[in-house]
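Coordinates from final26.txt are shown below (compact mmCIF, C-alpha atoms).
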# COMPACT_ATOMS: atom_id res chain seq x y z
CA MET A 30 0.00 0.00 0.00
CA SER A 31 1.00 3.62 -0.37
CA TYR A 32 0.71 6.89 1.53
CA PRO A 33 -2.77 8.36 0.87
CA VAL A 34 -1.59 11.81 1.97
CA ALA A 35 1.72 13.64 1.91
CA ILE A 36 3.61 13.87 5.21
CA PRO A 37 6.05 16.80 5.16
CA SER A 38 9.36 16.66 6.96
CA LEU A 39 9.58 18.34 10.33
CA LEU A 40 12.28 20.59 8.86
CA VAL A 41 9.79 21.89 6.27
CA LEU A 42 7.28 22.57 9.03
CA HIS A 43 9.88 24.19 11.29
CA PRO A 44 12.95 25.56 9.42
CA VAL A 45 14.34 26.72 12.77
CA LEU A 46 15.44 23.10 13.29
CA ALA A 47 18.03 23.34 10.48
CA PRO A 48 21.02 23.46 12.90
CA LEU A 49 20.00 20.05 14.26
CA THR A 50 20.06 18.23 10.92
CA ALA A 51 23.80 17.52 11.19
CA SER A 52 23.17 15.20 14.14
CA LEU A 53 19.60 14.28 13.19
CA PRO A 54 19.36 14.05 9.37
CA GLU A 55 15.98 12.30 9.68
CA LEU A 56 14.46 15.77 10.22
CA SER A 57 14.66 16.23 6.44
CA ASN A 58 12.73 13.06 5.58
CA SER A 59 9.25 13.41 4.11
CA GLU A 60 6.70 11.00 2.65
CA VAL A 61 5.10 11.61 -0.74
CA ALA A 62 1.43 10.93 -1.39
CA GLY A 63 1.16 7.85 -3.59
CA ALA A 64 4.61 6.51 -2.68
CA PRO A 65 4.84 3.00 -1.15
CA LEU A 66 4.83 2.82 2.63
CA ARG A 67 8.43 2.99 3.81
CA PRO A 68 9.03 0.70 6.83
CA ALA A 69 11.93 2.79 8.12
CA ALA A 70 9.66 5.84 8.42
CA VAL A 71 8.17 4.59 11.70
CA ASP A 72 11.51 4.22 13.48
CA GLU A 73 12.72 7.51 12.03
CA ALA A 74 9.63 9.36 13.29
CA ARG A 75 10.07 7.86 16.76
CA LEU A 76 13.76 8.79 16.79
CA ILE A 77 12.89 12.37 15.85
CA THR A 78 10.33 12.67 18.64
CA GLU A 79 12.63 11.22 21.30
CA SER A 80 15.62 13.30 20.17
CA LEU A 81 13.61 16.53 20.18
CA ARG A 82 12.10 15.67 23.56
CA SER A 83 15.60 15.26 25.00
CA ALA A 84 16.71 18.54 23.41
CA HIS A 85 13.67 20.33 24.82
CA GLU A 86 14.26 18.96 28.30
CA ARG A 87 17.90 20.10 28.19
CA ASN A 88 17.07 23.58 26.92
CA PRO A 89 13.33 24.36 26.60
CA GLY A 90 12.50 26.60 23.67
CA ALA A 91 15.92 26.85 22.03
CA PRO A 92 15.18 25.85 19.32
CA VAL A 93 12.80 23.02 20.26
CA THR A 94 9.65 24.62 21.58
CA LEU A 95 6.69 22.83 23.08
CA ALA A 96 4.76 23.45 19.84
CA ILE A 97 7.51 21.83 17.74
CA LEU A 98 7.65 18.84 20.07
CA ASN A 99 3.89 18.53 19.79
CA ASP A 100 4.08 18.54 15.98
CA ALA A 101 6.78 15.86 16.05
CA HIS A 102 4.53 13.67 18.16
CA THR A 103 1.56 14.28 15.86
CA ARG A 104 3.69 13.36 12.83
CA GLN A 105 4.95 10.19 14.55
CA ARG A 106 1.47 9.03 15.50
CA THR A 107 0.17 9.71 12.00
CA ILE A 108 2.91 7.58 10.44
CA GLU A 109 2.28 4.83 12.99
CA VAL A 110 -1.43 4.83 12.17
CA LEU A 111 -0.77 4.66 8.44
CA HIS A 112 1.63 1.76 8.84
CA GLY A 113 -0.72 0.08 11.30
CA VAL A 114 -3.47 0.16 8.69
CA ASP A 115 -1.08 -1.47 6.23
CA THR A 116 -0.16 -4.17 8.74
CA HIS A 117 -3.77 -5.11 9.39
CA LEU A 118 -4.86 -5.10 5.76
CA GLY A 119 -1.83 -7.03 4.55
CA GLY A 120 -2.00 -7.70 0.82
CA VAL A 121 -5.20 -5.76 0.04
CA ALA A 122 -5.03 -4.14 -3.40
CA ASN A 123 -3.76 -0.58 -3.70
CA VAL A 124 -7.14 0.45 -5.05
CA LEU A 125 -8.23 0.68 -1.40
CA ASP A 126 -5.92 3.65 -0.93
CA ARG A 127 -8.44 5.97 -2.50
CA ALA A 128 -11.27 4.49 -0.48
CA LEU A 129 -9.28 4.84 2.73
CA ALA A 130 -8.16 8.41 2.08
CA PRO A 131 -11.17 10.05 3.82
CA PHE A 132 -10.71 7.72 6.79
CA ILE A 133 -6.99 8.55 7.00
CA ASP A 134 -7.77 12.26 6.80
CA SER A 135 -10.17 11.81 9.70
CA VAL A 136 -7.59 9.85 11.70
CA TYR A 137 -4.95 12.51 11.08
CA ALA A 138 -7.39 15.22 12.15
CA THR A 139 -8.28 13.30 15.31
CA VAL A 140 -4.60 12.83 16.20
CA ALA A 141 -3.86 16.49 15.54
CA ARG A 142 -6.88 17.52 17.59
CA GLY A 143 -5.81 15.41 20.54
CA ASN A 144 -2.33 16.89 20.47
CA ALA A 145 -3.72 20.42 20.21
CA LEU A 146 -5.89 19.83 23.27
CA THR A 147 -2.92 18.44 25.19
CA PHE A 148 -0.88 21.48 24.20
CA ASN A 149 -3.64 23.88 25.29
CA VAL A 150 -3.98 22.32 28.73
CA MET A 151 -0.20 22.23 29.23
CA ALA A 152 0.23 25.75 27.87
CA GLU A 153 -2.29 27.15 30.33
CA GLY A 154 -0.65 25.32 33.22
CA LEU A 155 2.77 26.66 32.23
CA GLY A 156 1.51 30.20 31.81
CA TYR A 157 1.70 30.44 28.00
CA ASP A 158 -0.59 33.16 26.65
CA GLY A 159 -2.20 31.46 23.70
CA TYR A 160 -3.96 28.32 22.55
CA ARG A 161 -3.42 26.08 19.56
CA GLY A 162 -6.35 26.03 17.13
CA ILE A 163 -8.37 22.80 17.16
CA PRO A 164 -8.52 20.99 13.79
CA LYS A 165 -11.97 20.23 12.40
CA THR A 166 -13.00 16.56 12.68
CA VAL A 167 -16.72 16.63 11.80
CA ALA A 168 -17.18 16.80 8.04
CA GLY A 169 -19.67 19.17 6.42
CA SER A 170 -21.07 22.60 7.17
CA GLY A 171 -22.58 23.48 10.54
CA LEU A 172 -24.89 26.12 9.04
CA ALA A 173 -27.99 24.30 10.28
CA LEU A 174 -26.57 24.11 13.81
CA ALA A 175 -25.62 27.80 13.71
CA ASN A 176 -29.10 28.82 12.58
CA THR A 177 -30.63 26.73 15.39
CA ILE A 178 -28.87 28.75 18.10
CA ALA A 179 -28.93 32.13 16.32
CA VAL A 180 -32.44 32.89 17.73
CA GLY A 181 -32.58 36.16 15.84
CA GLN A 182 -29.65 37.71 17.71
CA VAL A 183 -27.56 38.12 14.58
CA PRO A 184 -28.07 37.38 10.87
CA PRO A 185 -27.37 33.73 9.94
CA PRO A 186 -23.76 33.20 8.81
CA LEU A 187 -22.93 32.62 5.17
CA PRO A 188 -22.84 28.98 3.98
CA THR A 189 -19.39 27.39 4.09
CA ASN A 190 -18.05 23.85 3.96
CA SER A 191 -14.60 23.78 5.53
CA ALA A 192 -12.35 20.75 5.09
CA VAL A 193 -11.57 18.21 7.81
CA ASN A 194 -8.24 18.86 9.59
CA THR A 195 -8.34 22.62 9.00
CA VAL A 196 -8.39 25.26 11.73
CA CYS A 197 -10.85 28.15 11.80
CA PRO A 198 -8.96 31.44 11.26
CA LEU A 199 -10.78 32.89 14.28
CA LEU A 200 -8.79 30.54 16.54
CA VAL A 201 -5.34 31.16 15.07
CA GLY A 202 -3.31 32.85 17.80
CA ALA A 203 -6.33 33.04 20.11
CA ASN A 204 -6.04 33.25 23.88
CA ALA A 205 -8.56 33.40 26.72
CA ALA A 206 -9.07 37.16 26.26
CA THR A 207 -9.77 36.62 22.57
CA ILE A 208 -12.39 33.95 23.24
CA ASN A 209 -14.03 36.00 25.97
CA SER A 210 -14.44 38.91 23.55
CA PHE A 211 -16.09 36.86 20.77
CA THR A 212 -19.41 38.22 19.52
CA HIS A 213 -22.50 36.16 18.80
CA ALA A 214 -21.65 36.33 15.09
CA GLN A 215 -18.11 35.03 15.64
CA ILE A 216 -19.33 32.13 17.75
CA LEU A 217 -21.91 31.23 15.10
CA ALA A 218 -19.11 31.28 12.54
CA LEU A 219 -17.19 28.78 14.70
CA VAL A 220 -20.25 26.53 14.94
CA GLU A 221 -20.67 26.66 11.19
CA PHE A 222 -16.98 25.98 10.52
CA TYR A 223 -16.59 23.02 12.90
CA ASN A 224 -20.11 21.60 12.49
CA GLU A 225 -20.29 21.38 16.28
CA ASN A 226 -22.40 23.46 18.65
CA PHE A 227 -20.04 23.20 21.69
CA GLY A 228 -23.08 22.44 23.88
CA ILE A 229 -24.59 25.88 23.23
CA ILE A 230 -28.38 26.18 23.45
CA PRO A 231 -30.57 29.05 22.17
CA ALA A 232 -31.13 30.46 25.66
CA ASP A 233 -27.39 30.86 26.42
CA THR A 234 -26.08 34.38 26.98
CA ILE A 235 -22.99 35.60 25.19
CA ALA A 236 -20.92 34.94 28.35
CA GLU A 237 -22.22 31.37 28.53
CA ARG A 238 -21.42 30.81 24.86
CA GLN A 239 -17.91 32.18 25.27
CA SER A 240 -17.38 29.95 28.29
CA LYS A 241 -18.48 26.84 26.39
CA VAL A 242 -16.22 27.62 23.44
CA LEU A 243 -13.29 28.14 25.82
CA ARG A 244 -13.99 24.81 27.52
CA TRP A 245 -14.13 23.06 24.14
CA LEU A 246 -10.86 24.67 23.10
CA LYS A 247 -9.11 23.38 26.21
CA PHE A 248 -10.79 20.02 26.74
CA GLY A 249 -12.53 19.18 23.46
CA VAL A 250 -15.77 18.34 25.23
CA ARG A 251 -19.14 19.95 25.62
CA PRO A 252 -20.43 20.76 29.12
CA LEU A 253 -22.99 18.28 30.38
CA LEU A 254 -25.28 21.07 31.58
CA SER A 255 -25.99 24.53 30.23
CA ILE A 256 -24.20 26.51 32.89
CA THR A 257 -21.66 29.28 32.91
CA LEU A 258 -18.32 27.60 33.60
CA PRO A 259 -15.41 29.22 35.44
CA ARG A 260 -12.94 30.94 33.12
Give the structure from this file in structure tokens form.
Amino acid sequence: MSYPVAIPSLLVLHPVLAPLTASLPELSNSEVAGAPLRPAAVDEARLITESLRSAHERNPGAPVTLAILNDAHTRQRTIEVLHGVDTHLGGVANVLDRALAPFIDSVYATVARGNALTFNVMAEGLGYDGYRGIPKTVAGSGLALANTIAVGQVPPPLPTNSAVNTVCPLLVGANAATINSFTHAQILALVEFYNENFGIIPADTIAERQSKVLRWLKFGVRPLLSITLPR
């Protein structure tokens, strides 16, 4: 079987790692969509993660930041999942690659989402001012969900259909202050983008909606009850 999606090298994602390639040349390795699965890629990805973790522990943030370490882990897990699929399917024809592509995209998005949530919880605990945007995992547009909770407060958002594993621009570089200043329209745009309602109900105030979005951004879950949660 082959790679259904391209997996860029960590060096492409983070050029700041260039000084480390002399001792860790695997940083330059990438996987091309359509190329046969490369068995060595799994061990290389694990080596990269462990090496960067050691470098971060010795000297946090120079140049291996928590975000870079998180991306290395995401990349490793993605490669492991892809090779795990190959192991379980054995000699199934390559024609299944195309059929599996949406599933792999969803797996990659789920892995990236989990790592983003882990980063957000750790970042808050360590005093970092900023969250990592959560990748979309629910396919399709959330326009119907957004209209359900709009209750005439703002005009319905425009129809969109964002791709799985993309991050809403509203969350890029966002922190708690950003979320707590979101308007009704911005929150509806998030609902539409992610096709999730974050547990928001029509009766929620703007403060309650902001609180639920903030909880989702940190924990990836909806509150069990419609209450205003501590910020």
**Prompt:** Do you know which residues are at most 6 Å from range 31-47 of chain A counting all atoms listed in the file, after dropping those on the same chain fewer than 2 positions away, and could you put them as a list in words?
**Reply:** Leu49, Thr50, Leu56, Ser57, Asn58, Ser59, Glu60, Val61, Ala62, Gly63, Ala64, Pro65, Leu66, Asp126 and Ala130 of chain A
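Nearest to Ile229 in chain A of all the residues A:Thr78, A:Ser83, A:Asn204, A:Asn176 is A:Asn176, based on only C-alpha atoms.
Each of A:Leu200, A:Ile77, A:Ala70, A:Leu172 was checked against Asn99 in chain A using all atoms listed in the file; the smallest atom-to-atom distance is that of A:Ile77.
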**Message:** Would you compute the distance between CA of Asn224 in chain A and CA of Lys165 in chain A? Give it in Å to one decimal.
**Reply:** 8.3 Å
**Request:** Pick out the closest residue to Ser170 in chain A from this set: A:Val220, A:Ile230, A:Leu95, A:Leu53. Count only C-alpha atoms.
**Result:** A:Val220
**Asked** Between A:Ala175, A:Ala96, A:Ala168, A:Ile208, which is the closest to Ala192 in chain A once you count all atoms listed in the file?
**Response**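 Among A:Ala175, A:Ala96, A:Ala168, A:Ile208, it is A:Ala168 that comes nearest to Ala192 in chain A.
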**Prompt:** So which residues are close to (-13.5, 36.6, 22.2), meaning at most 12 Å away in the file's coordinates with only C-alpha atoms counted, and can you show them as a ChimeraX atom specification?
**Reply:** /A:199-200,202-216,219,235-243
**Message:** Excluding Arg75 in chain A and its own-chain neighbours fewer than 3 positions away, which residues fall within 10 Å of it when counting only C-alpha atoms? Please give them as a PyMOL selection string.
**Reply:** chain A and resi 70-72+78-81+101-102+104-106+108-109
**Item:** Protein/DNA/RNA residues near (-34.2, 30.4, 23.9), cut 10 Å, only C-alpha atoms, as a list in words
**Value:**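 Residues with an atom at most 10 Å from (-34.2, 30.4, 23.9): Thr177, Ile178, Ala179, Val180, Ile230, Pro231, Ala232, Asp233 and Thr234 of chain A.
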**Complete:** The distance between CA of Ala84 in chain A and CA of Ser52 in chain A is 11.8 Å
**Request:** Have a look at CA of Arg67 in chain A and CA of Thr103 in chain A and let me know their distance in Å, one decimal.
**Result:** 17.9 Å
